[in-house]
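Take a look at the structure set out below.
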There are 2 protein chains.
Amino acid sequence: MLEAVLAVDVGGTRIKAHWQDPEGRLLSEWVIPTPARDDPSDTIDAIVDLAIDGARQTPAGIRPVAIGLAVPGLVDERTGLAIHSENLGWRDVDLAARFRDRTQLPVAISQDVRAGARAESYSGSARGASSTLFVPIGTGVGAAIVLDGVVRAGPNNRAGEIGHIPAGGSTQPCMCGRSGCLESIASASAIRSRYNARIRDADAPVDGAAEVIARAGAGDRVAAEVWGDAIDALAASLSAADQILDLDLIVIGGGLSLAGETLLGPLRLHLAQRGSASTAVVGAFHRDLAGAVGAGLRAWELAR
Amino acid sequence: MLEAVLAVDVGGTRIKAHWQDPEGRLLSEWVIPTPARDDPSDTIDAIVDLAIDGARQTPAGIRPVAIGLAVPGLVDERTGLAIHSENLGWRDVDLAARFRDRTQLPVAISQDVRAGARAESYSGSARGASSTLFVPIGTGVGAAIVLDGVVRAGPNNRAGEIGHIPAGGSTQPCMCGRSGCLESIASASAIRSRYNARIRDADAPVDGAAEVIARAGAGDRVAAEVWGDAIDALAASLSAADQILDLDLIVIGGGLSLAGETLLGPLRLHLAQRGSASTAVVGAFHRDLAGAVGAGLRAWELAR
């Protein structure tokens with residue numbers, strides 16, 4: 001029997017899970033939609049059910065030794081408490097206990113962004129770097145700080161909240177109640193909705209940011225403006241982070257990072273113009289699976 | 001004979017020096033104007049002369065065991081190299097060797113802002129804090145990060161460069177070539193010069209930021225606007241730093257910190273409005289001597 005941990009990244013719209021071997025490699029992976037229930041407690045039960053059901057359908061020969069969970073929002077990784085998630089509607093949930101009661105396995109809880117940073121630092125793009133910002137861009141824009149191989153959560157577990165820094169002098173209203181926040185301009189969702197809000201009736205709306213980027217490349221003026229605003233805002237916030245932290249590396253993750261050089265090229269140029277020329281900017285090695293991989297790494301720490 | 005270290009903080013306009021006892025207490029202090037020479041090398045010689053001359057006029061009974069220097073700009077504290085200072089015009093100066101050759105004593109070089117942060121963390125306002133930003137405001141605006149008692153310089157010794165983050169959407173030109181930088185709005189020098197540039201001919205210009213603050217308090221509309229812009233810009237930049245780092249404490253130092261609650265009160269209010277209500281904001285315990293005190297602390301590390 002091969003020992004393995006179950007790694008589960010619970011996102012606002014999708015749950016990504018896989019079995020991970022002792023070297024951190026993925027043995028088999030699956031993705032399911034995040035269940036939406038009116039009562040947050042039912043959502044949690046449904047998440048537990050789905051993750052465990054999915055795990056049952058794995059190849060024979062695997063002996064599970066621990067579970068690693070990555071969840072969004074405010075998380076206390078020391079106590080395993082999911083303190084707050086806007087997207088999933090929960091508050092002070094002892095998620096580790098819920099999984100432990102059902103499986104009798106040790107359970108490690110990570111905040112999803114920090115989990116991704118840990119994966120990139122351990123076996124990804126940030127190996128050996130001394131001062132890294134990991135920035136997953138998807139529904140929101142998050143960040144995690146890695147100094148000398150250690151992810152710094154801060155005394156209140158809220159380090160890396162880069163998404164709500166005012167960026168680029170915009171007046172775009174943000175869900176947080178303020179305006180001009182990075183997330184309201186540069187998240188994948190914001191790029192999609194800002195484009196769809198500005199096109200004429202004759203144009204077809206887009207399904208996602210990738211399509212806005214493609215249209216910008218094909219000469220669509222509105223798409224080029226929306227995409228340019230996003231790059232501008234990202235460069236402003238990342239340069240501010242670099243000036244405060246002295247970064248040798250920025251690793252872009254999340255769904256938007258799949259745009260590759262179409263995103264990274266302009267970002268490097270804009271960062272250089274703002275005085276951050278010496279900071280390397282690369283994509284996440286683990287692509288949009290960094291959070292799940294990092295969740296598994298922490299499960300291995302528990303299992304050993 | 002009482003063992004003591006000579007602590008010297010070399011600023012753009014003034015050199016602050018003192019003898020420091022083994023407990024980090026100041027035995028006697030003096031201040032001299034920073035010599036200005038056309039050739040940076042002559043400036044350095046003059047600084048060495050003045051510091052050593054000053055040291056000779058100290059009370060009897062002191063046996064010097066080391067020298068601690070704090071200097072502005074880009075400094076490699078590990079090698080003792082003063083890499084670059086805009087104000088003092090030097091580049092790649094082995095300042096430690098210059099002092100060592102003249103005194104045959106061990107010499108520790110600190111960057112002035114980091115030295116101040118070390119002093120506040122060791123024996124000042126930041127004792128016991130886990131995540132602190134020390135922000136001296138004077139001719140410029142600097143910052144140093146202290147995490148769990150350790151000052152983080154960053155891989156390129158440029159962490160804490162908060163002075164050139166665009167703040168508050170201003171278009172004020174900055175000496176660095178960009179515009180809207182925090183330093184161009186909120187440094188003590190900027191407050192003075194922005195006020196003097198806006199008053200009518202009939203009004204008397206001010207000598208420093210303290211006078212602008214006093215006039216704002218007395219109902220001078222222009223002074224109130226200039227002061228309000230400074231508070232706004234400071235709050236924007238410090239809140240951004242808090243969102244990235246998760247700070248439990250901000251310590252304001254430098255000349256402007258002598259304004260006390262006139263500065264700290266409005267700053268706390270503005271920070272709370274920007275979502276940083278849980279971060280404490282206090283003045284530096286060592287007031288504008290924090291840099292010199294920290295320089296002495298590092299000299300003691302060498303001497304022991």
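In the structure tokens, chains take the letters A, B, ... in the order shown, each chain's residues start at 1, and ligands count up from 1 in the order shown.
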
Write out as a PDB file with all heavy atoms, in the first residue's frame every residue belonging to chain A that has an atom at most 9 Å from any atom of chain B, counting only C-alpha atoms.
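Saved to selection26.pdb:
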ATOM      1  N   SER A 130      14.466  34.455  -1.478  1.00  0.00           N
ATOM      2  CA  SER A 130      14.526  34.860  -0.070  1.00  0.00           C
ATOM      3  C   SER A 130      13.365  35.762   0.311  1.00  0.00           C
ATOM      4  O   SER A 130      13.016  35.873   1.470  1.00  0.00           O
ATOM      5  CB  SER A 130      15.869  35.526   0.231  1.00  0.00           C
ATOM      6  OG  SER A 130      15.884  36.834  -0.257  1.00  0.00           O
ATOM      7  N   SER A 131      12.751  36.424  -0.654  1.00  0.00           N
ATOM      8  CA  SER A 131      11.678  37.372  -0.336  1.00  0.00           C
ATOM      9  C   SER A 131      10.667  37.367  -1.480  1.00  0.00           C
ATOM     10  O   SER A 131      10.871  38.007  -2.506  1.00  0.00           O
ATOM     11  CB  SER A 131      12.306  38.757  -0.145  1.00  0.00           C
ATOM     12  OG  SER A 131      11.350  39.714   0.184  1.00  0.00           O
ATOM     13  N   ALA A 143      -2.706  37.631  -1.722  1.00  0.00           N
ATOM     14  CA  ALA A 143      -1.240  37.576  -1.713  1.00  0.00           C
ATOM     15  C   ALA A 143      -0.779  36.899  -0.435  1.00  0.00           C
ATOM     16  O   ALA A 143      -1.485  36.897   0.582  1.00  0.00           O
ATOM     17  CB  ALA A 143      -0.637  38.972  -1.814  1.00  0.00           C
ATOM     18  N   ALA A 144       0.396  36.288  -0.503  1.00  0.00           N
ATOM     19  CA  ALA A 144       1.030  35.730   0.688  1.00  0.00           C
ATOM     20  C   ALA A 144       2.519  36.040   0.619  1.00  0.00           C
ATOM     21  O   ALA A 144       3.116  36.019  -0.455  1.00  0.00           O
ATOM     22  CB  ALA A 144       0.800  34.227   0.782  1.00  0.00           C
ATOM     23  N   ILE A 145       3.082  36.359   1.776  1.00  0.00           N
ATOM     24  CA  ILE A 145       4.488  36.743   1.886  1.00  0.00           C
ATOM     25  C   ILE A 145       5.310  35.536   2.329  1.00  0.00           C
ATOM     26  O   ILE A 145       4.958  34.874   3.303  1.00  0.00           O
ATOM     27  CB  ILE A 145       4.646  37.857   2.951  1.00  0.00           C
ATOM     28  CG1 ILE A 145       3.812  39.074   2.577  1.00  0.00           C
ATOM     29  CG2 ILE A 145       6.111  38.221   3.150  1.00  0.00           C
ATOM     30  CD1 ILE A 145       3.619  40.041   3.743  1.00  0.00           C
ATOM     31  N   LEU A 147       9.186  34.805   3.479  1.00  0.00           N
ATOM     32  CA  LEU A 147      10.514  35.345   3.783  1.00  0.00           C
ATOM     33  C   LEU A 147      11.408  34.192   4.240  1.00  0.00           C
ATOM     34  O   LEU A 147      11.088  33.518   5.218  1.00  0.00           O
ATOM     35  CB  LEU A 147      10.426  36.415   4.880  1.00  0.00           C
ATOM     36  CG  LEU A 147       9.543  37.627   4.592  1.00  0.00           C
ATOM     37  CD1 LEU A 147       9.582  38.610   5.759  1.00  0.00           C
ATOM     38  CD2 LEU A 147       9.954  38.323   3.300  1.00  0.00           C
ATOM     39  N   ARG A 152       4.571  34.166   6.129  1.00  0.00           N
ATOM     40  CA  ARG A 152       4.242  35.027   7.265  1.00  0.00           C
ATOM     41  C   ARG A 152       2.769  35.389   7.226  1.00  0.00           C
ATOM     42  O   ARG A 152       2.333  36.109   6.328  1.00  0.00           O
ATOM     43  CB  ARG A 152       5.072  36.323   7.248  1.00  0.00           C
ATOM     44  CG  ARG A 152       6.560  36.149   7.012  1.00  0.00           C
ATOM     45  CD  ARG A 152       7.414  35.776   8.187  1.00  0.00           C
ATOM     46  NE  ARG A 152       7.060  36.289   9.469  1.00  0.00           N
ATOM     47  CZ  ARG A 152       7.913  36.336  10.505  1.00  0.00           C
ATOM     48  NH1 ARG A 152       9.169  35.932  10.365  1.00  0.00           N
ATOM     49  NH2 ARG A 152       7.528  36.756  11.676  1.00  0.00           N
ATOM     50  N   ALA A 153       1.991  34.912   8.190  1.00  0.00           N
ATOM     51  CA  ALA A 153       0.553  35.181   8.214  1.00  0.00           C
ATOM     52  C   ALA A 153       0.232  36.490   8.936  1.00  0.00           C
ATOM     53  O   ALA A 153      -0.834  37.063   8.734  1.00  0.00           O
ATOM     54  CB  ALA A 153      -0.175  34.034   8.901  1.00  0.00           C
ATOM     55  N   GLY A 154       1.146  36.952   9.792  1.00  0.00           N
ATOM     56  CA  GLY A 154       0.886  38.142  10.598  1.00  0.00           C
ATOM     57  C   GLY A 154       0.163  37.783  11.875  1.00  0.00           C
ATOM     58  O   GLY A 154      -0.436  36.711  11.990  1.00  0.00           O
ATOM     59  N   PRO A 155       0.209  38.676  12.879  1.00  0.00           N
ATOM     60  CA  PRO A 155      -0.356  38.378  14.200  1.00  0.00           C
ATOM     61  C   PRO A 155      -1.867  38.138  14.170  1.00  0.00           C
ATOM     62  O   PRO A 155      -2.405  37.442  15.025  1.00  0.00           O
ATOM     63  CB  PRO A 155       0.002  39.606  15.027  1.00  0.00           C
ATOM     64  CG  PRO A 155       0.372  40.673  14.054  1.00  0.00           C
ATOM     65  CD  PRO A 155       0.887  39.989  12.840  1.00  0.00           C
ATOM     66  N   ASN A 156      -2.563  38.706  13.169  1.00  0.00           N
ATOM     67  CA  ASN A 156      -4.015  38.526  13.087  1.00  0.00           C
ATOM     68  C   ASN A 156      -4.423  37.709  11.856  1.00  0.00           C
ATOM     69  O   ASN A 156      -5.572  37.787  11.414  1.00  0.00           O
ATOM     70  CB  ASN A 156      -4.711  39.893  13.063  1.00  0.00           C
ATOM     71  CG  ASN A 156      -4.257  40.772  14.205  1.00  0.00           C
ATOM     72  OD1 ASN A 156      -4.471  40.439  15.366  1.00  0.00           O
ATOM     73  ND2 ASN A 156      -3.576  41.874  13.883  1.00  0.00           N
ATOM     74  N   ASN A 157      -3.468  36.992  11.278  1.00  0.00           N
ATOM     75  CA  ASN A 157      -3.720  36.137  10.118  1.00  0.00           C
ATOM     76  C   ASN A 157      -4.269  36.890   8.914  1.00  0.00           C
ATOM     77  O   ASN A 157      -4.975  36.320   8.095  1.00  0.00           O
ATOM     78  CB  ASN A 157      -4.707  35.007  10.478  1.00  0.00           C
ATOM     79  CG  ASN A 157      -4.183  34.141  11.587  1.00  0.00           C
ATOM     80  OD1 ASN A 157      -3.133  33.530  11.461  1.00  0.00           O
ATOM     81  ND2 ASN A 157      -4.896  34.120  12.707  1.00  0.00           N
ATOM     82  N   ARG A 158      -3.948  38.191   8.813  1.00  0.00           N
ATOM     83  CA  ARG A 158      -4.486  38.935   7.683  1.00  0.00           C
ATOM     84  C   ARG A 158      -3.411  39.566   6.798  1.00  0.00           C
ATOM     85  O   ARG A 158      -3.708  40.455   5.991  1.00  0.00           O
ATOM     86  CB  ARG A 158      -5.513  39.976   8.153  1.00  0.00           C
ATOM     87  CG  ARG A 158      -5.007  40.962   9.175  1.00  0.00           C
ATOM     88  CD  ARG A 158      -6.091  41.977   9.569  1.00  0.00           C
ATOM     89  NE  ARG A 158      -5.597  42.926  10.542  1.00  0.00           N
ATOM     90  CZ  ARG A 158      -4.801  43.960  10.254  1.00  0.00           C
ATOM     91  NH1 ARG A 158      -4.426  44.186   9.030  1.00  0.00           N
ATOM     92  NH2 ARG A 158      -4.378  44.770  11.200  1.00  0.00           N
ATOM     93  N   ALA A 159      -2.162  39.100   6.899  1.00  0.00           N
ATOM     94  CA  ALA A 159      -1.111  39.593   5.999  1.00  0.00           C
ATOM     95  C   ALA A 159      -1.444  39.215   4.558  1.00  0.00           C
ATOM     96  O   ALA A 159      -2.058  38.183   4.308  1.00  0.00           O
ATOM     97  CB  ALA A 159       0.243  39.024   6.397  1.00  0.00           C
ATOM     98  N   GLY A 160      -1.056  40.065   3.605  1.00  0.00           N
ATOM     99  CA  GLY A 160      -1.256  39.765   2.192  1.00  0.00           C
ATOM    100  C   GLY A 160      -2.580  40.242   1.624  1.00  0.00           C
ATOM    101  O   GLY A 160      -2.931  39.906   0.504  1.00  0.00           O
ATOM    102  N   GLU A 161      -3.329  41.064   2.384  1.00  0.00           N
ATOM    103  CA  GLU A 161      -4.635  41.546   1.897  1.00  0.00           C
ATOM    104  C   GLU A 161      -4.445  42.667   0.874  1.00  0.00           C
ATOM    105  O   GLU A 161      -4.877  43.807   1.072  1.00  0.00           O
ATOM    106  CB  GLU A 161      -5.477  42.041   3.067  1.00  0.00           C
ATOM    107  CG  GLU A 161      -6.268  40.955   3.766  1.00  0.00           C
ATOM    108  CD  GLU A 161      -7.309  40.290   2.857  1.00  0.00           C
ATOM    109  OE1 GLU A 161      -7.695  40.887   1.841  1.00  0.00           O
ATOM    110  OE2 GLU A 161      -7.705  39.158   3.164  1.00  0.00           O
ATOM    111  N   ILE A 162      -3.810  42.309  -0.230  1.00  0.00           N
ATOM    112  CA  ILE A 162      -3.445  43.307  -1.231  1.00  0.00           C
ATOM    113  C   ILE A 162      -4.651  43.724  -2.078  1.00  0.00           C
ATOM    114  O   ILE A 162      -4.664  44.795  -2.689  1.00  0.00           O
ATOM    115  CB  ILE A 162      -2.307  42.742  -2.115  1.00  0.00           C
ATOM    116  CG1 ILE A 162      -1.548  43.845  -2.819  1.00  0.00           C
ATOM    117  CG2 ILE A 162      -2.837  41.705  -3.085  1.00  0.00           C
ATOM    118  CD1 ILE A 162      -0.304  43.348  -3.530  1.00  0.00           C
ATOM    119  N   GLY A 163      -5.699  42.917  -2.084  1.00  0.00           N
ATOM    120  CA  GLY A 163      -6.841  43.141  -2.968  1.00  0.00           C
ATOM    121  C   GLY A 163      -7.632  44.407  -2.683  1.00  0.00           C
ATOM    122  O   GLY A 163      -8.365  44.896  -3.547  1.00  0.00           O
ATOM    123  N   HIS A 164      -7.492  44.945  -1.477  1.00  0.00           N
ATOM    124  CA  HIS A 164      -8.283  46.128  -1.141  1.00  0.00           C
ATOM    125  C   HIS A 164      -7.436  47.363  -0.894  1.00  0.00           C
ATOM    126  O   HIS A 164      -7.844  48.297  -0.205  1.00  0.00           O
ATOM    127  CB  HIS A 164      -9.231  45.811   0.012  1.00  0.00           C
ATOM    128  CG  HIS A 164     -10.199  44.738  -0.376  1.00  0.00           C
ATOM    129  ND1 HIS A 164     -11.293  44.984  -1.177  1.00  0.00           N
ATOM    130  CD2 HIS A 164     -10.179  43.406  -0.166  1.00  0.00           C
ATOM    131  CE1 HIS A 164     -11.922  43.851  -1.412  1.00  0.00           C
ATOM    132  NE2 HIS A 164     -11.266  42.865  -0.806  1.00  0.00           N
ATOM    133  N   ILE A 165      -6.233  47.368  -1.484  1.00  0.00           N
ATOM    134  CA  ILE A 165      -5.432  48.591  -1.510  1.00  0.00           C
ATOM    135  C   ILE A 165      -5.907  49.426  -2.699  1.00  0.00           C
ATOM    136  O   ILE A 165      -6.077  48.890  -3.795  1.00  0.00           O
ATOM    137  CB  ILE A 165      -3.934  48.247  -1.677  1.00  0.00           C
ATOM    138  CG1 ILE A 165      -3.436  47.500  -0.445  1.00  0.00           C
ATOM    139  CG2 ILE A 165      -3.117  49.500  -1.929  1.00  0.00           C
ATOM    140  CD1 ILE A 165      -1.991  47.094  -0.530  1.00  0.00           C
ATOM    141  N   PRO A 166      -6.165  50.733  -2.497  1.00  0.00           N
ATOM    142  CA  PRO A 166      -6.539  51.576  -3.640  1.00  0.00           C
ATOM    143  C   PRO A 166      -5.420  51.549  -4.686  1.00  0.00           C
ATOM    144  O   PRO A 166      -4.252  51.692  -4.335  1.00  0.00           O
ATOM    145  CB  PRO A 166      -6.676  52.974  -3.024  1.00  0.00           C
ATOM    146  CG  PRO A 166      -6.814  52.750  -1.552  1.00  0.00           C
ATOM    147  CD  PRO A 166      -6.072  51.496  -1.243  1.00  0.00           C
ATOM    148  N   GLY A 168      -4.113  52.760  -8.633  1.00  0.00           N
ATOM    149  CA  GLY A 168      -4.230  53.432  -9.922  1.00  0.00           C
ATOM    150  C   GLY A 168      -5.219  54.584  -9.960  1.00  0.00           C
ATOM    151  O   GLY A 168      -5.607  55.025 -11.034  1.00  0.00           O
ATOM    152  N   GLY A 169      -5.645  55.107  -8.812  1.00  0.00           N
ATOM    153  CA  GLY A 169      -6.487  56.297  -8.782  1.00  0.00           C
ATOM    154  C   GLY A 169      -7.882  56.091  -9.346  1.00  0.00           C
ATOM    155  O   GLY A 169      -8.561  57.045  -9.724  1.00  0.00           O
ATOM    156  N   ARG A 178     -15.518  50.395  -0.139  1.00  0.00           N
ATOM    157  CA  ARG A 178     -14.675  51.512  -0.561  1.00  0.00           C
ATOM    158  C   ARG A 178     -14.608  51.513  -2.092  1.00  0.00           C
ATOM    159  O   ARG A 178     -15.377  50.813  -2.743  1.00  0.00           O
ATOM    160  CB  ARG A 178     -13.283  51.376   0.079  1.00  0.00           C
ATOM    161  CG  ARG A 178     -13.345  51.538   1.604  1.00  0.00           C
ATOM    162  CD  ARG A 178     -11.969  51.744   2.221  1.00  0.00           C
ATOM    163  NE  ARG A 178     -11.174  50.522   2.179  1.00  0.00           N
ATOM    164  CZ  ARG A 178     -11.195  49.563   3.111  1.00  0.00           C
ATOM    165  NH1 ARG A 178     -11.977  49.687   4.159  1.00  0.00           N
ATOM    166  NH2 ARG A 178     -10.434  48.501   2.997  1.00  0.00           N
ATOM    167  N   ALA A 236       0.747  48.912  -9.935  1.00  0.00           N
ATOM    168  CA  ALA A 236       0.801  49.900  -8.846  1.00  0.00           C
ATOM    169  C   ALA A 236       0.843  49.194  -7.490  1.00  0.00           C
ATOM    170  O   ALA A 236       1.667  49.524  -6.632  1.00  0.00           O
ATOM    171  CB  ALA A 236      -0.405  50.844  -8.926  1.00  0.00           C
ATOM    172  N   SER A 237      -0.021  48.196  -7.286  1.00  0.00           N
ATOM    173  CA  SER A 237      -0.080  47.519  -5.989  1.00  0.00           C
ATOM    174  C   SER A 237       1.147  46.654  -5.748  1.00  0.00           C
ATOM    175  O   SER A 237       1.684  46.611  -4.646  1.00  0.00           O
ATOM    176  CB  SER A 237      -1.325  46.638  -5.910  1.00  0.00           C
ATOM    177  OG  SER A 237      -2.480  47.412  -6.086  1.00  0.00           O
ATOM    178  N   SER A 239       4.111  47.047  -7.049  1.00  0.00           N
ATOM    179  CA  SER A 239       5.277  47.900  -6.842  1.00  0.00           C
ATOM    180  C   SER A 239       5.275  48.456  -5.421  1.00  0.00           C
ATOM    181  O   SER A 239       6.326  48.537  -4.777  1.00  0.00           O
ATOM    182  CB  SER A 239       5.280  49.037  -7.867  1.00  0.00           C
ATOM    183  OG  SER A 239       6.370  49.882  -7.629  1.00  0.00           O
ATOM    184  N   ALA A 240       4.092  48.813  -4.912  1.00  0.00           N
ATOM    185  CA  ALA A 240       4.003  49.277  -3.516  1.00  0.00           C
ATOM    186  C   ALA A 240       4.461  48.162  -2.578  1.00  0.00           C
ATOM    187  O   ALA A 240       5.254  48.401  -1.654  1.00  0.00           O
ATOM    188  CB  ALA A 240       2.571  49.702  -3.190  1.00  0.00           C
ATOM    189  N   ALA A 241       4.011  46.944  -2.829  1.00  0.00           N
ATOM    190  CA  ALA A 241       4.431  45.807  -1.989  1.00  0.00           C
ATOM    191  C   ALA A 241       5.941  45.621  -2.071  1.00  0.00           C
ATOM    192  O   ALA A 241       6.608  45.353  -1.067  1.00  0.00           O
ATOM    193  CB  ALA A 241       3.709  44.535  -2.420  1.00  0.00           C
ATOM    194  N   ASP A 242       6.500  45.775  -3.266  1.00  0.00           N
ATOM    195  CA  ASP A 242       7.948  45.623  -3.440  1.00  0.00           C
ATOM    196  C   ASP A 242       8.706  46.718  -2.698  1.00  0.00           C
ATOM    197  O   ASP A 242       9.734  46.456  -2.072  1.00  0.00           O
ATOM    198  CB  ASP A 242       8.291  45.669  -4.929  1.00  0.00           C
ATOM    199  CG  ASP A 242       9.797  45.646  -5.168  1.00  0.00           C
ATOM    200  OD1 ASP A 242      10.468  44.790  -4.563  1.00  0.00           O
ATOM    201  OD2 ASP A 242      10.295  46.477  -5.939  1.00  0.00           O
ATOM    202  N   GLN A 243       8.195  47.941  -2.737  1.00  0.00           N
ATOM    203  CA  GLN A 243       8.896  49.033  -2.048  1.00  0.00           C
ATOM    204  C   GLN A 243       8.856  48.853  -0.527  1.00  0.00           C
ATOM    205  O   GLN A 243       9.774  49.242   0.169  1.00  0.00           O
ATOM    206  CB  GLN A 243       8.320  50.381  -2.475  1.00  0.00           C
ATOM    207  CG  GLN A 243       8.793  50.747  -3.873  1.00  0.00           C
ATOM    208  CD  GLN A 243       8.181  52.031  -4.395  1.00  0.00           C
ATOM    209  OE1 GLN A 243       7.114  51.998  -5.007  1.00  0.00           O
ATOM    210  NE2 GLN A 243       8.823  53.138  -4.142  1.00  0.00           N
ATOM    211  N   ILE A 244       7.788  48.252  -0.036  1.00  0.00           N
ATOM    212  CA  ILE A 244       7.704  48.008   1.409  1.00  0.00           C
ATOM    213  C   ILE A 244       8.547  46.790   1.808  1.00  0.00           C
ATOM    214  O   ILE A 244       9.267  46.825   2.804  1.00  0.00           O
ATOM    215  CB  ILE A 244       6.221  47.810   1.816  1.00  0.00           C
ATOM    216  CG1 ILE A 244       5.479  49.141   1.694  1.00  0.00           C
ATOM    217  CG2 ILE A 244       6.111  47.263   3.241  1.00  0.00           C
ATOM    218  CD1 ILE A 244       3.976  49.029   1.774  1.00  0.00           C
ATOM    219  N   LEU A 245       8.497  45.718   1.003  1.00  0.00           N
ATOM    220  CA  LEU A 245       9.084  44.445   1.425  1.00  0.00           C
ATOM    221  C   LEU A 245      10.467  44.158   0.856  1.00  0.00           C
ATOM    222  O   LEU A 245      11.186  43.341   1.411  1.00  0.00           O
ATOM    223  CB  LEU A 245       8.156  43.289   1.017  1.00  0.00           C
ATOM    224  CG  LEU A 245       6.912  43.095   1.868  1.00  0.00           C
ATOM    225  CD1 LEU A 245       5.909  42.214   1.137  1.00  0.00           C
ATOM    226  CD2 LEU A 245       7.281  42.454   3.198  1.00  0.00           C
ATOM    227  N   ASP A 246      10.856  44.817  -0.260  1.00  0.00           N
ATOM    228  CA  ASP A 246      12.061  44.437  -1.002  1.00  0.00           C
ATOM    229  C   ASP A 246      11.947  42.986  -1.459  1.00  0.00           C
ATOM    230  O   ASP A 246      12.516  42.072  -0.851  1.00  0.00           O
ATOM    231  CB  ASP A 246      13.325  44.652  -0.159  1.00  0.00           C
ATOM    232  CG  ASP A 246      14.607  44.363  -0.945  1.00  0.00           C
ATOM    233  OD1 ASP A 246      14.519  44.136  -2.163  1.00  0.00           O
ATOM    234  OD2 ASP A 246      15.688  44.366  -0.323  1.00  0.00           O
ATOM    235  N   LEU A 247      11.215  42.780  -2.537  1.00  0.00           N
ATOM    236  CA  LEU A 247      10.958  41.434  -3.055  1.00  0.00           C
ATOM    237  C   LEU A 247      12.015  41.048  -4.077  1.00  0.00           C
ATOM    238  O   LEU A 247      12.392  41.874  -4.902  1.00  0.00           O
ATOM    239  CB  LEU A 247       9.583  41.392  -3.738  1.00  0.00           C
ATOM    240  CG  LEU A 247       8.386  41.756  -2.856  1.00  0.00           C
ATOM    241  CD1 LEU A 247       7.144  41.970  -3.721  1.00  0.00           C
ATOM    242  CD2 LEU A 247       8.149  40.650  -1.838  1.00  0.00           C
ATOM    243  N   ASP A 248      12.496  39.799  -4.034  1.00  0.00           N
ATOM    244  CA  ASP A 248      13.300  39.366  -5.182  1.00  0.00           C
ATOM    245  C   ASP A 248      12.455  38.605  -6.190  1.00  0.00           C
ATOM    246  O   ASP A 248      12.890  38.387  -7.313  1.00  0.00           O
ATOM    247  CB  ASP A 248      14.582  38.606  -4.782  1.00  0.00           C
ATOM    248  CG  ASP A 248      14.338  37.447  -3.837  1.00  0.00           C
ATOM    249  OD1 ASP A 248      13.173  37.155  -3.565  1.00  0.00           O
ATOM    250  OD2 ASP A 248      15.328  36.854  -3.380  1.00  0.00           O
ATOM    251  N   ARG A 274       7.966  51.679 -12.580  1.00  0.00           N
ATOM    252  CA  ARG A 274       7.691  52.163 -11.236  1.00  0.00           C
ATOM    253  C   ARG A 274       8.859  51.884 -10.288  1.00  0.00           C
ATOM    254  O   ARG A 274       8.698  51.955  -9.077  1.00  0.00           O
ATOM    255  CB  ARG A 274       6.412  51.513 -10.701  1.00  0.00           C
ATOM    256  CG  ARG A 274       5.165  52.005 -11.414  1.00  0.00           C
ATOM    257  CD  ARG A 274       3.953  51.176 -11.052  1.00  0.00           C
ATOM    258  NE  ARG A 274       2.765  51.637 -11.739  1.00  0.00           N
ATOM    259  CZ  ARG A 274       1.956  52.598 -11.312  1.00  0.00           C
ATOM    260  NH1 ARG A 274       2.213  53.204 -10.174  1.00  0.00           N
ATOM    261  NH2 ARG A 274       0.902  52.952 -12.009  1.00  0.00           N
TER     262      ARG A 274
END

Check: Got a sec to tell me which of range 170-273 of chain A DSSP assigns to helix (DSSP H, G or I), as an MDAnalysis selection string?
Finding: chainID A and resid 183:186 188:198 209:217 221:245 255:259 261:273

*asked:* Please return, as number ranges by chain, all residues of range 150-259 of chain A that DSSP assigns to strand (DSSP E) on the basis of the backbone.
replied: A: 150-152, 249-253

Just the residues within 10 Å of Val206 in chain A, please, counting only C-alpha atoms, with nothing from its chain fewer than 2 positions along; format it as a list in words.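 Everything that qualifies: Ile191, Arg192, Ser193, Tyr195, Asn196, Ile199, Asp203, Ala204, Gly208, Ala209, Ala210, Glu211, Val212 and Arg215 of chain A.
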
- Message: For Pro33 in chain A, find every residue with an atom within 10 Å (counting only C-alpha atoms), except residues of its own chain fewer than 3 positions away, and show them as a list in words.
- Response: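 Final neighbour list, sorted by chain and number: Val10, Gly11, Gly12, Thr13, Arg14, Ile15, Lys16, Ala36, Ile47 and Leu50 of chain A.
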
Residue neighbourhood Ala292 in chain A, 6 Å, only C-alpha atoms, exclusion window fewer than 6 positions, as a list in words
Ala7, Val8 and Asp9 of chain A

Write the residues of the preceding selection, restricted to all heavy atoms, as a short mmCIF file (atom, residue, chain, number, x, y, z; two decimals), in the first residue's frame.
data_model
loop_
_atom_site.label_atom_id
_atom_site.label_comp_id
_atom_site.auth_asym_id
_atom_site.auth_seq_id
_atom_site.Cartn_x
_atom_site.Cartn_y
_atom_site.Cartn_z
N ALA A 7 -5.67 15.92 -0.36
CA ALA A 7 -5.53 17.38 -0.38
C ALA A 7 -6.76 17.99 -1.03
O ALA A 7 -7.16 17.57 -2.12
CB ALA A 7 -4.27 17.77 -1.17
N VAL A 8 -7.38 18.95 -0.34
CA VAL A 8 -8.65 19.51 -0.81
C VAL A 8 -8.58 21.04 -0.75
O VAL A 8 -8.36 21.61 0.32
CB VAL A 8 -9.83 19.03 0.05
CG1 VAL A 8 -11.15 19.54 -0.52
CG2 VAL A 8 -9.85 17.51 0.17
N ASP A 9 -8.75 21.70 -1.90
CA ASP A 9 -8.78 23.16 -1.94
C ASP A 9 -10.23 23.60 -2.18
O ASP A 9 -10.78 23.40 -3.26
CB ASP A 9 -7.86 23.65 -3.08
CG ASP A 9 -7.78 25.16 -3.18
OD1 ASP A 9 -8.37 25.85 -2.32
OD2 ASP A 9 -7.13 25.65 -4.12
#
